[in-house]
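One structure below.
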Amino acid sequence: MIIRGSSPLRERRGMGTVGVVLLVLLTLIVAAGIGALLGYYIGGFKLTGSITEAFEPPFGGKSTVYILVLGEDDTGGRKKSRGLADTIMLASVDLDKKRVAALSIPRDTRVDLDGYGEVCKINAAHVYGGPTLTELAVERLIGMKPDYYVKTNTKGFSKSVDILGGVEIDVERNMRYTDRWGGLYINLKKGRQLLDGDKAMQYVRFRHDALGDIARIERQQKFLKALAEKALSPANLPKLPRIVGAILRNVETDLTPRDAIYLARFASRINLDEVEMATLPGTPRNIGGISYWIADPEQSAEVLQNLFFPRPAMPKIEVLNGSGVSGAAQTVADILKQYGYEVISIGNADSFDYATSQVISHNDDTEAIARVASIVNSSAVKHDQNASAKADITVIVGKDYALIGSGG
């Protein structure tokens with residue numbers, strides 16, 4: 001792990017950068033054929049390891065890894081001290097479920113660095129203690145400890161965009177801002193246009209609108225997807241080795257080369273449209289003359305649950321009365337609702353002559369139908385693949401399920 005300097009910096013308005021999200025970075029690596037370059041140097045990665053290690057499971061056998069992606073502000077001409085981490089994103093990679101999700105943490109989020117400095121904005125944690133302290137700040141903020149980190153700066157990002165020949169983006173509004181001290185000059189007009197490296201940097205760094213850093217995060221996420229799509233287009237495949245070199249020369253990480261290669265191959269099989277992204281919820285607040293983002297604990301817990309630990313989608317169920325017993329379908333529907341199922345319709349079956357209750361699945365989710373069959377005490381399970389069916393499962397209540405209620 002590389003640690004440079006320790007002197008803090010004062011907050012500067014308008015300073016920002018974008019980190020190349022892990023998914024994009026490693027997708028580019030694999031597309032460039034990094035797997036064929038084992039044993040060689042690639043922009044600072046020295047791929048080493050014994051033959052035994054090559055057969056060990058990646059990431060020490062973990063099925064899910066959490067990677068902190070940092071974008072360091074390196075635009076102020078500093079030589080020794082670390083810059084602010086103005087892009088902070090926690091990426092979750094589920095190797096078993098082939099799922100990637102990412103949480104953006106606003107740079108102005110208020111945190112307590114626990115002895116390493118006063119209460120401050122989370123982007124200052126990198127100034128005081130580099131990625132290590134930033135990982136601690138993230139853990140204290142959301143209760144999740146990153147397993148690894150990837151840090152990049154502006155140079156690799158800008159150079160990559162130029163190698164690609166620019167990225168087309170619909171700029172939402174006119175963007176103008178000047179910070180001569182920080183070397184930041186933004187002048188973009190509204191409308192769809194091709195952004196070169198310099199203009200792309202302006203786009204992802206602009207934060208002077210009503211939502212401030214929150215709007216900037218949304219733009220970063222939008223641009224990163226457009227960048228990945230452009231990089232992986234057939235016309236740009238020959239350029240990927242140059243892009244990889246430009247990125248890796250400006251990347252610091254504690255991922256092992258072997259794990260990075262595995263993750264690259266994994267990322268290449270992920271549909272970018274299926275990558276879920278969210279922003280840490282909260283509200284802006286001015287405290288002591290300083291503008292902070294105050295995380296909302298309850299909303300944050302809900303976002304973290306849905307983003308990183310999603311509950312399996314409950315199947316939609318229709319309940320039909322095949323017993324002739326008044327209220328039987330309604331009673332069974334109420335029981336299923338208590339278990340969290342969505343009952344979309346209640347009605348009568350094609351007859352009241354069903355001796356036993358039946359559970360009919362219209363898709364291939366065998367676990368779901370087994371759970372429903374257990375709840376309604378049915379051993380008559382059938383599969384009727386029907387893509388046009390509104391319900392995932394049909395429950396026909398038979399005479400053996402003698403329930404009494406109203407309606408039905």
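Following the order of the structure tokens, first chain is A, next is B, and so on, with residues numbered from 1 inside each chain and ligands from 1 in the order they appear.
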
Secondary structure check, strand (DSSP E or B) residues of segment 76-208 of chain A, as JSON, numbers by chain | {"A": [85, 86, 87, 88, 89, 90, 91, 92, 93, 94, 99, 100, 101, 102, 103, 104, 109, 110, 111, 120, 121, 148, 149, 150, 151, 152, 167, 168, 169, 170, 171, 175, 176, 177, 178, 179, 184, 185, 186, 187, 188, 191, 192, 193, 194, 195]}

Please save C-alpha atoms of the selected residues as a PDB file, in the first residue's frame.
ATOM      1  CA  ALA A  85     -10.893  11.946  -1.961  1.00  0.00           C
ATOM      2  CA  ASP A  86     -13.560  13.686  -3.940  1.00  0.00           C
ATOM      3  CA  THR A  87     -15.083  10.550  -5.392  1.00  0.00           C
ATOM      4  CA  ILE A  88     -15.938   7.861  -2.840  1.00  0.00           C
ATOM      5  CA  MET A  89     -17.795   4.756  -3.918  1.00  0.00           C
ATOM      6  CA  LEU A  90     -18.233   1.358  -2.267  1.00  0.00           C
ATOM      7  CA  ALA A  91     -18.670  -1.437  -4.814  1.00  0.00           C
ATOM      8  CA  SER A  92     -20.119  -4.833  -3.895  1.00  0.00           C
ATOM      9  CA  VAL A  93     -19.144  -7.773  -6.100  1.00  0.00           C
ATOM     10  CA  ASP A  94     -21.148 -10.964  -5.523  1.00  0.00           C
ATOM     11  CA  ARG A  99     -24.096  -9.226  -9.269  1.00  0.00           C
ATOM     12  CA  VAL A 100     -22.447  -5.804  -8.921  1.00  0.00           C
ATOM     13  CA  ALA A 101     -23.787  -2.831  -6.950  1.00  0.00           C
ATOM     14  CA  ALA A 102     -22.209   0.469  -5.968  1.00  0.00           C
ATOM     15  CA  LEU A 103     -22.960   3.110  -3.334  1.00  0.00           C
ATOM     16  CA  SER A 104     -21.769   6.680  -3.910  1.00  0.00           C
ATOM     17  CA  THR A 109     -20.702  13.743   4.280  1.00  0.00           C
ATOM     18  CA  ARG A 110     -20.022  14.650   7.908  1.00  0.00           C
ATOM     19  CA  VAL A 111     -17.978  12.056   9.832  1.00  0.00           C
ATOM     20  CA  CYS A 120     -15.052  16.899   9.199  1.00  0.00           C
ATOM     21  CA  LYS A 121     -16.089  15.987   5.672  1.00  0.00           C
ATOM     22  CA  TYR A 148      -9.928  -3.675  -0.784  1.00  0.00           C
ATOM     23  CA  TYR A 149      -9.485  -0.269  -2.330  1.00  0.00           C
ATOM     24  CA  VAL A 150      -8.753   1.139  -5.784  1.00  0.00           C
ATOM     25  CA  LYS A 151      -7.621   4.741  -6.077  1.00  0.00           C
ATOM     26  CA  THR A 152      -7.155   6.714  -9.266  1.00  0.00           C
ATOM     27  CA  VAL A 167     -17.474  10.284 -25.256  1.00  0.00           C
ATOM     28  CA  GLU A 168     -20.869  11.557 -26.365  1.00  0.00           C
ATOM     29  CA  ILE A 169     -23.004  12.939 -23.531  1.00  0.00           C
ATOM     30  CA  ASP A 170     -26.173  14.993 -23.283  1.00  0.00           C
ATOM     31  CA  VAL A 171     -25.089  17.875 -21.038  1.00  0.00           C
ATOM     32  CA  MET A 175     -22.047  24.720 -16.812  1.00  0.00           C
ATOM     33  CA  ARG A 176     -19.685  27.559 -15.989  1.00  0.00           C
ATOM     34  CA  TYR A 177     -17.309  27.865 -13.055  1.00  0.00           C
ATOM     35  CA  THR A 178     -13.778  29.203 -12.501  1.00  0.00           C
ATOM     36  CA  ASP A 179     -11.368  28.440  -9.671  1.00  0.00           C
ATOM     37  CA  LEU A 184     -10.439  24.497 -12.431  1.00  0.00           C
ATOM     38  CA  TYR A 185     -12.086  26.058 -15.471  1.00  0.00           C
ATOM     39  CA  ILE A 186     -15.516  24.799 -16.512  1.00  0.00           C
ATOM     40  CA  ASN A 187     -17.336  26.108 -19.567  1.00  0.00           C
ATOM     41  CA  LEU A 188     -19.829  23.686 -21.120  1.00  0.00           C
ATOM     42  CA  GLY A 191     -26.987  19.727 -25.271  1.00  0.00           C
ATOM     43  CA  ARG A 192     -25.684  16.453 -26.707  1.00  0.00           C
ATOM     44  CA  GLN A 193     -22.027  16.707 -27.652  1.00  0.00           C
ATOM     45  CA  LEU A 194     -18.741  14.837 -27.895  1.00  0.00           C
ATOM     46  CA  LEU A 195     -16.594  15.505 -24.832  1.00  0.00           C
TER      47      LEU A 195
END

Test item: residues at most 12 Å from Ala368 of chain A, only C-alpha atoms, excluding those fewer than 3 positions along its chain, as a VMD selection string = chain A and resid 312 to 317 341 359 to 365 371 to 375 381 392 to 394

What gap, in Å, lies between atom CA of Asp108 of chain A and atom CA of Asn123 of chain A?
->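 These two atoms are separated by 6.8 Å.
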
May I ask for the distance between atom CA of Asn236 of chain A and atom CA of Asp162 of chain A, given in Å to one decimal place?
->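 Computing it gives 11.8 Å between the two atoms.
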
Distance in Å - atom CA of Ser378 of chain A versus atom CA of Gln358 of chain A | 6.2 Å

Write out as an MDAnalysis selection string each polymer residue whose atoms come within 12 Å of Ile396 of chain A, counting only C-alpha atoms; drop sequence neighbours fewer than 5 positions from it.
-> chainID A and resid 317:324 328:330 332:333 346:361 372:373 376:378 380:382 401 408

From the DSSP assignment of the backbone, select every residue of segment 80-174 of chain A that is helix (DSSP H, G or I), and format the answer as a ChimeraX atom specification.
-> /A:122-142,154-163

When distances are computed from only C-alpha atoms, which of A:Ala278, A:Arg258, A:Lys399, A:Val251 shows the smallest separation from Ser326 of chain A?
->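 Ranked by minimum distance to Ser326 of chain A, first place goes to A:Lys399.
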